$ cat coords.txt   # compact mmCIF, C-alpha atoms and all ligand atoms
# COMPACT_ATOMS: atom_id res chain seq x y z
CA MET A 29 0.00 0.00 0.00
CA ILE A 30 1.04 3.56 -0.66
CA PHE A 31 -0.50 6.33 1.40
CA GLY A 32 -1.01 10.03 0.93
CA ALA A 33 -2.21 12.45 3.57
CA TYR A 34 -3.25 16.07 3.88
CA VAL A 35 -3.64 17.90 7.20
CA ARG A 36 -4.28 21.54 7.84
CA PRO A 37 -5.43 23.39 10.96
CA ILE A 38 -8.49 25.61 11.18
CA GLU A 39 -7.83 29.21 10.12
CA GLY A 40 -6.08 31.12 12.87
CA GLU A 41 -4.51 28.10 14.59
CA SER A 42 -0.97 26.87 14.05
CA VAL A 43 -1.60 23.32 15.28
CA SER A 44 -4.18 20.86 14.04
CA GLY A 45 -6.48 19.06 16.46
CA ASP A 46 -6.63 16.24 13.89
CA ALA A 47 -3.80 13.71 13.87
CA TYR A 48 -3.16 10.47 12.06
CA LEU A 49 -0.88 7.46 12.20
CA ILE A 50 0.02 5.01 9.44
CA ARG A 51 2.16 2.08 10.56
CA GLU A 52 3.38 -0.95 8.67
CA ILE A 53 3.00 -3.88 11.06
CA ARG A 54 3.81 -7.57 10.92
CA ASP A 55 0.73 -8.68 8.99
CA GLY A 56 -0.06 -5.49 7.09
CA TRP A 57 -1.03 -1.97 8.10
CA LEU A 58 -2.61 -0.09 10.93
CA ILE A 59 -4.09 3.30 10.17
CA ALA A 60 -5.73 5.62 12.69
CA LEU A 61 -7.24 9.06 12.37
CA ALA A 62 -8.21 11.09 15.45
CA ASP A 63 -10.08 14.40 15.69
CA GLY A 64 -9.65 15.97 19.12
CA LEU A 65 -12.75 17.82 20.31
CA GLY A 66 -12.70 21.49 19.42
CA HIS A 67 -9.44 22.78 17.98
CA GLY A 68 -6.05 24.17 18.95
CA LEU A 69 -3.64 22.83 21.55
CA ALA A 70 -6.13 21.05 23.81
CA ALA A 71 -7.59 19.19 20.82
CA ALA A 72 -4.09 18.34 19.57
CA GLU A 73 -3.17 17.03 23.01
CA ALA A 74 -6.11 14.58 22.95
CA SER A 75 -5.54 13.32 19.41
CA GLY A 76 -1.76 13.17 19.91
CA LYS A 77 -2.17 11.14 23.07
CA ALA A 78 -4.42 8.66 21.26
CA LEU A 79 -1.82 8.20 18.55
CA SER A 80 1.04 7.60 20.97
CA ILE A 81 -1.06 4.94 22.72
CA ILE A 82 -1.78 3.25 19.38
CA ASP A 83 1.87 3.53 18.40
CA ALA A 84 2.97 1.87 21.66
CA TYR A 85 0.38 -0.89 21.15
CA VAL A 86 1.53 -1.82 17.65
CA SER A 87 5.19 -1.60 18.70
CA GLU A 88 4.78 -4.48 21.16
CA PRO A 89 6.48 -7.45 19.54
CA GLY A 90 4.35 -10.40 18.57
CA SER A 91 0.99 -8.90 19.44
CA GLU A 92 -1.98 -9.61 17.22
CA VAL A 93 -3.92 -6.45 16.50
CA ASP A 94 -7.29 -6.34 18.24
CA LEU A 95 -9.07 -3.08 17.50
CA ARG A 96 -11.29 -3.45 20.58
CA ASP A 97 -8.18 -3.57 22.78
CA VAL A 98 -6.73 -0.52 21.04
CA LEU A 99 -9.97 1.38 21.55
CA ARG A 100 -10.11 0.44 25.24
CA LEU A 101 -6.50 1.59 25.78
CA CYS A 102 -7.19 4.88 24.03
CA HIS A 103 -10.35 5.44 26.03
CA ASP A 104 -8.58 4.89 29.36
CA GLY A 105 -5.63 7.02 28.27
CA LEU A 106 -7.76 9.93 27.11
CA VAL A 107 -9.76 10.34 30.31
CA GLY A 108 -9.09 13.86 31.53
CA THR A 109 -8.40 15.23 28.04
CA ARG A 110 -10.90 16.86 25.69
CA GLY A 111 -11.53 13.45 24.15
CA ALA A 112 -11.45 12.56 20.47
CA VAL A 113 -13.38 10.80 17.75
CA ILE A 114 -11.22 8.10 16.18
CA GLY A 115 -11.29 5.84 13.16
CA PHE A 116 -9.14 2.70 13.34
CA CYS A 117 -8.33 0.54 10.35
CA HIS A 118 -6.38 -2.69 10.27
CA LEU A 119 -5.47 -4.16 6.90
CA ASN A 120 -4.36 -7.75 7.32
CA LEU A 121 -2.57 -8.57 4.07
CA LYS A 122 -1.78 -12.12 5.20
CA ASP A 123 -5.48 -13.04 5.41
CA GLY A 124 -6.65 -10.39 2.94
CA VAL A 125 -9.06 -8.68 5.33
CA TRP A 126 -9.91 -5.08 6.13
CA SER A 127 -11.16 -4.40 9.66
CA SER A 128 -12.47 -1.10 10.84
CA LEU A 129 -13.80 0.42 14.00
CA VAL A 130 -15.02 4.00 14.09
CA VAL A 131 -16.16 5.95 17.14
CA GLY A 132 -17.70 9.32 16.32
CA ASN A 133 -17.68 11.46 13.25
CA ILE A 134 -14.87 10.07 11.08
CA THR A 135 -15.65 9.08 7.51
CA PHE A 136 -14.24 5.75 6.45
CA ARG A 137 -14.59 4.33 2.96
CA VAL A 138 -13.07 1.65 0.83
CA LEU A 139 -13.50 1.72 -2.91
CA SER A 140 -13.36 -1.96 -3.81
CA ASP A 141 -15.50 -3.92 -6.25
CA GLU A 142 -18.24 -2.21 -4.32
CA ARG A 143 -18.12 0.92 -2.22
CA LEU A 144 -17.92 0.07 1.44
CA SER A 145 -18.54 2.51 4.24
CA PRO A 146 -18.96 1.06 7.70
CA ILE A 147 -21.38 2.86 9.98
CA PRO A 148 -19.60 4.65 12.82
CA ALA A 149 -20.73 4.20 16.41
CA GLY A 150 -21.61 7.37 18.31
CA GLY A 151 -19.38 8.40 21.17
CA ILE A 152 -16.22 10.21 22.22
CA VAL A 153 -13.08 8.30 23.10
CA GLY A 154 -11.98 9.36 26.59
CA TYR A 155 -15.45 10.48 27.53
CA LYS A 156 -18.19 8.08 26.49
CA LEU A 157 -17.80 4.89 24.52
CA PRO A 158 -20.73 3.40 22.62
CA ARG A 159 -22.36 0.45 24.38
CA MET A 160 -21.95 -1.75 21.31
CA VAL A 161 -18.75 -1.58 19.33
CA HIS A 162 -18.91 -3.18 15.93
CA ILE A 163 -15.84 -4.18 13.96
CA ALA A 164 -16.65 -4.19 10.27
CA LYS A 165 -14.68 -6.68 8.17
CA TRP A 166 -14.54 -7.27 4.45
CA PRO A 167 -12.17 -8.87 1.95
CA TYR A 168 -9.19 -6.95 0.63
CA CYS A 169 -8.64 -6.91 -3.12
CA GLU A 170 -5.50 -5.57 -4.72
CA GLY A 171 -6.12 -2.05 -5.93
CA ASP A 172 -8.64 -1.24 -3.17
CA THR A 173 -8.59 2.42 -2.22
CA LEU A 174 -8.93 3.47 1.41
CA ILE A 175 -10.29 6.92 2.25
CA LEU A 176 -10.34 8.16 5.82
CA HIS A 177 -11.20 11.74 6.68
CA THR A 178 -12.36 13.99 9.47
CA ASP A 179 -15.50 16.12 9.42
CA GLY A 180 -13.35 19.04 8.27
CA ILE A 181 -13.63 17.54 4.77
CA ARG A 182 -17.02 17.75 3.06
CA GLU A 183 -18.65 14.35 3.03
CA ASP A 184 -19.89 14.57 -0.56
CA CYS A 185 -16.50 15.35 -2.05
CA SER A 186 -14.09 12.50 -1.55
CA ILE A 187 -15.70 9.51 -3.12
CA ASP A 188 -16.87 10.92 -6.43
CA PHE A 189 -13.59 12.65 -6.96
CA LEU A 190 -11.57 9.48 -6.55
CA ALA A 191 -13.97 7.24 -8.38
CA GLY A 192 -13.64 9.50 -11.38
CA ASP A 193 -9.89 9.83 -11.24
CA VAL A 194 -8.37 6.63 -9.90
CA GLY A 195 -5.11 7.10 -11.72
CA LEU A 196 -4.02 10.08 -9.63
CA PRO A 197 -1.17 9.40 -7.17
CA VAL A 198 -2.53 9.16 -3.62
CA GLN A 199 -0.60 12.13 -2.23
CA GLN A 200 -1.79 14.37 -5.04
CA ALA A 201 -5.34 13.12 -4.60
CA ALA A 202 -5.26 13.80 -0.84
CA GLU A 203 -3.98 17.35 -1.38
CA LEU A 204 -6.50 18.08 -4.11
CA ILE A 205 -9.44 16.85 -2.06
CA GLY A 206 -8.15 18.56 1.07
CA LYS A 207 -7.83 21.90 -0.65
CA LYS A 208 -11.03 21.61 -2.63
CA CYS A 209 -13.29 20.15 0.04
CA GLY A 210 -11.82 21.35 3.33
CA ILE A 211 -14.22 23.23 5.60
CA LYS A 212 -12.72 26.54 6.74
CA THR A 213 -14.27 26.42 10.20
CA ASP A 214 -12.56 23.17 11.22
CA ASP A 215 -9.25 21.32 11.09
CA ALA A 216 -9.21 19.15 7.98
CA THR A 217 -7.47 15.83 7.39
CA ILE A 218 -7.72 13.17 4.71
CA ILE A 219 -5.74 9.97 4.25
CA ILE A 220 -5.85 7.95 1.05
CA GLY A 221 -4.23 4.56 0.63
CA ARG A 222 -4.08 2.33 -2.42
MN MN B 1 -13.43 18.17 13.23

$ encode --input "coords.txt" --output "structure tokens" --more "lines below"
Ligand SMILES: [Mn+2]
Amino acid sequence: MIFGAYVRPIEGESVSGDAYLIREIRDGWLIALADGLGHGLAAAEASGKALSIIDAYVSEPGSEVDLRDVLRLCHDGLVGTRGAVIGFCHLNLKDGVWSSLVVGNITFRVLSDERLSPIPAGGIVGYKLPRMVHIAKWPYCEGDTLILHTDGIREDCSIDFLAGDVGLPVQQAAELIGKKCGIKTDDATIIIGR
């Protein structure tokens, strides 16, 4: 997989409250995107903390990735912060399976033979987890395109753009969508992997 990403803070702030992590792990990839509540430093503290917890989790040798465990660790670690909405994605290339878990308002899509977009659970990591946490799973096919973005990117923009222009390199696509579809009144982040 090759990934591209675009992040920019809300107008008037120098730090983004959105943060992402893309890590190659033993069986494939782990991708996470966090949007700290509000914006500015306090939001960046919450999303940054989530990412360092995820980073520590995947750095443990020999551990199988369990997204429910990662979510639980993030939730415990974020108590006392602003909290964050987070999308987690595990691509297991060995078994050819995508898994995703989304808490709160993060858009997650895979353009495969069909368009897949798991339904996020409501909640805020560090504050209130949903009672039921569903891990969506579906088969990975070579050439699948992953799109993960915060609510600072207009919902209607990403999918049609990419579907119509699949040949564009992922970094260029992320920057184009970010600039074209970013909402001025929020931090904006989009990750594209193919
Ligand atoms: Mn946001």

$ closest_residue --input "coords.txt" --among "A:Asp55, A:Asp214, A:Glu39, A:Glu203" --to "ligand MN 1 (chain B)" --atoms "only C-alpha atoms and all ligand atoms"
A:Asp214

$ atom_distance --input "coords.txt" --atom1 "CA of Gly68 in chain A" --atom2 "CA of Ile38 in chain A"
8.3 Å

$ closest_atom_pairs --input "coords.txt" --of "chain A" --to "ligand MN 1 (chain B)" --cutoff "9 Å" --atoms "all atoms listed in the file" --output "Markdown table"
| residue | atom | partner | partner_atom | distance |
| --- | --- | --- | --- | --- |
| A:Gly45 | CA | B:MN1 | MN | 7.7 |
| A:Asp46 | CA | B:MN1 | MN | 7.1 |
| A:Asp63 | CA | B:MN1 | MN | 5.6 |
| A:Gly64 | CA | B:MN1 | MN | 7.3 |
| A:Leu65 | CA | B:MN1 | MN | 7.1 |
| A:Gly66 | CA | B:MN1 | MN | 7.1 |
| A:His67 | CA | B:MN1 | MN | 7.7 |
| A:Val113 | CA | B:MN1 | MN | 8.6 |
| A:Asn133 | CA | B:MN1 | MN | 7.9 |
| A:Ile134 | CA | B:MN1 | MN | 8.5 |
| A:Thr178 | CA | B:MN1 | MN | 5.7 |
| A:Asp179 | CA | B:MN1 | MN | 4.8 |
| A:Gly180 | CA | B:MN1 | MN | 5.0 |
| A:Ile181 | CA | B:MN1 | MN | 8.5 |
| A:Thr213 | CA | B:MN1 | MN | 8.8 |
| A:Asp214 | CA | B:MN1 | MN | 5.5 |
| A:Asp215 | CA | B:MN1 | MN | 5.7 |
| A:Ala216 | CA | B:MN1 | MN | 6.8 |
| A:Thr217 | CA | B:MN1 | MN | 8.7 |

$ write_last_selection --input "coords.txt" --atoms "C-alpha atoms" --output "PDB file, in the coordinates of the input"
ATOM      1  CA  GLY A  45      -6.480  19.060  16.460  1.00  0.00           C
ATOM      2  CA  ASP A  46      -6.630  16.240  13.890  1.00  0.00           C
ATOM      3  CA  ASP A  63     -10.080  14.400  15.690  1.00  0.00           C
ATOM      4  CA  GLY A  64      -9.650  15.970  19.120  1.00  0.00           C
ATOM      5  CA  LEU A  65     -12.750  17.820  20.310  1.00  0.00           C
ATOM      6  CA  GLY A  66     -12.700  21.490  19.420  1.00  0.00           C
ATOM      7  CA  HIS A  67      -9.440  22.780  17.980  1.00  0.00           C
ATOM      8  CA  VAL A 113     -13.380  10.800  17.750  1.00  0.00           C
ATOM      9  CA  ASN A 133     -17.680  11.460  13.250  1.00  0.00           C
ATOM     10  CA  ILE A 134     -14.870  10.070  11.080  1.00  0.00           C
ATOM     11  CA  THR A 178     -12.360  13.990   9.470  1.00  0.00           C
ATOM     12  CA  ASP A 179     -15.500  16.120   9.420  1.00  0.00           C
ATOM     13  CA  GLY A 180     -13.350  19.040   8.270  1.00  0.00           C
ATOM     14  CA  ILE A 181     -13.630  17.540   4.770  1.00  0.00           C
ATOM     15  CA  THR A 213     -14.270  26.420  10.200  1.00  0.00           C
ATOM     16  CA  ASP A 214     -12.560  23.170  11.220  1.00  0.00           C
ATOM     17  CA  ASP A 215      -9.250  21.320  11.090  1.00  0.00           C
ATOM     18  CA  ALA A 216      -9.210  19.150   7.980  1.00  0.00           C
ATOM     19  CA  THR A 217      -7.470  15.830   7.390  1.00  0.00           C
TER      20      THR A 217
END

$ closest_residue --input "coords.txt" --among "A:Ile53, A:Ala70, A:Ala84, A:Cys169" --to "His118 in chain A" --atoms "all atoms listed in the file"
A:Ile53

$ residues_around --input "coords.txt" --residues "Ala33 in chain A" --least-positions-apart "4" --cutoff "8 Å" --atoms "all atoms listed in the file" --output "PyMOL selection string"
chain A and resi 198-199+202-203+217-220

$ closest_residue --input "coords.txt" --among "A:Gly108, A:Gly124, A:Gly90, A:Gly210" --to "Pro167 in chain A" --atoms "all atoms listed in the file"
A:Gly124
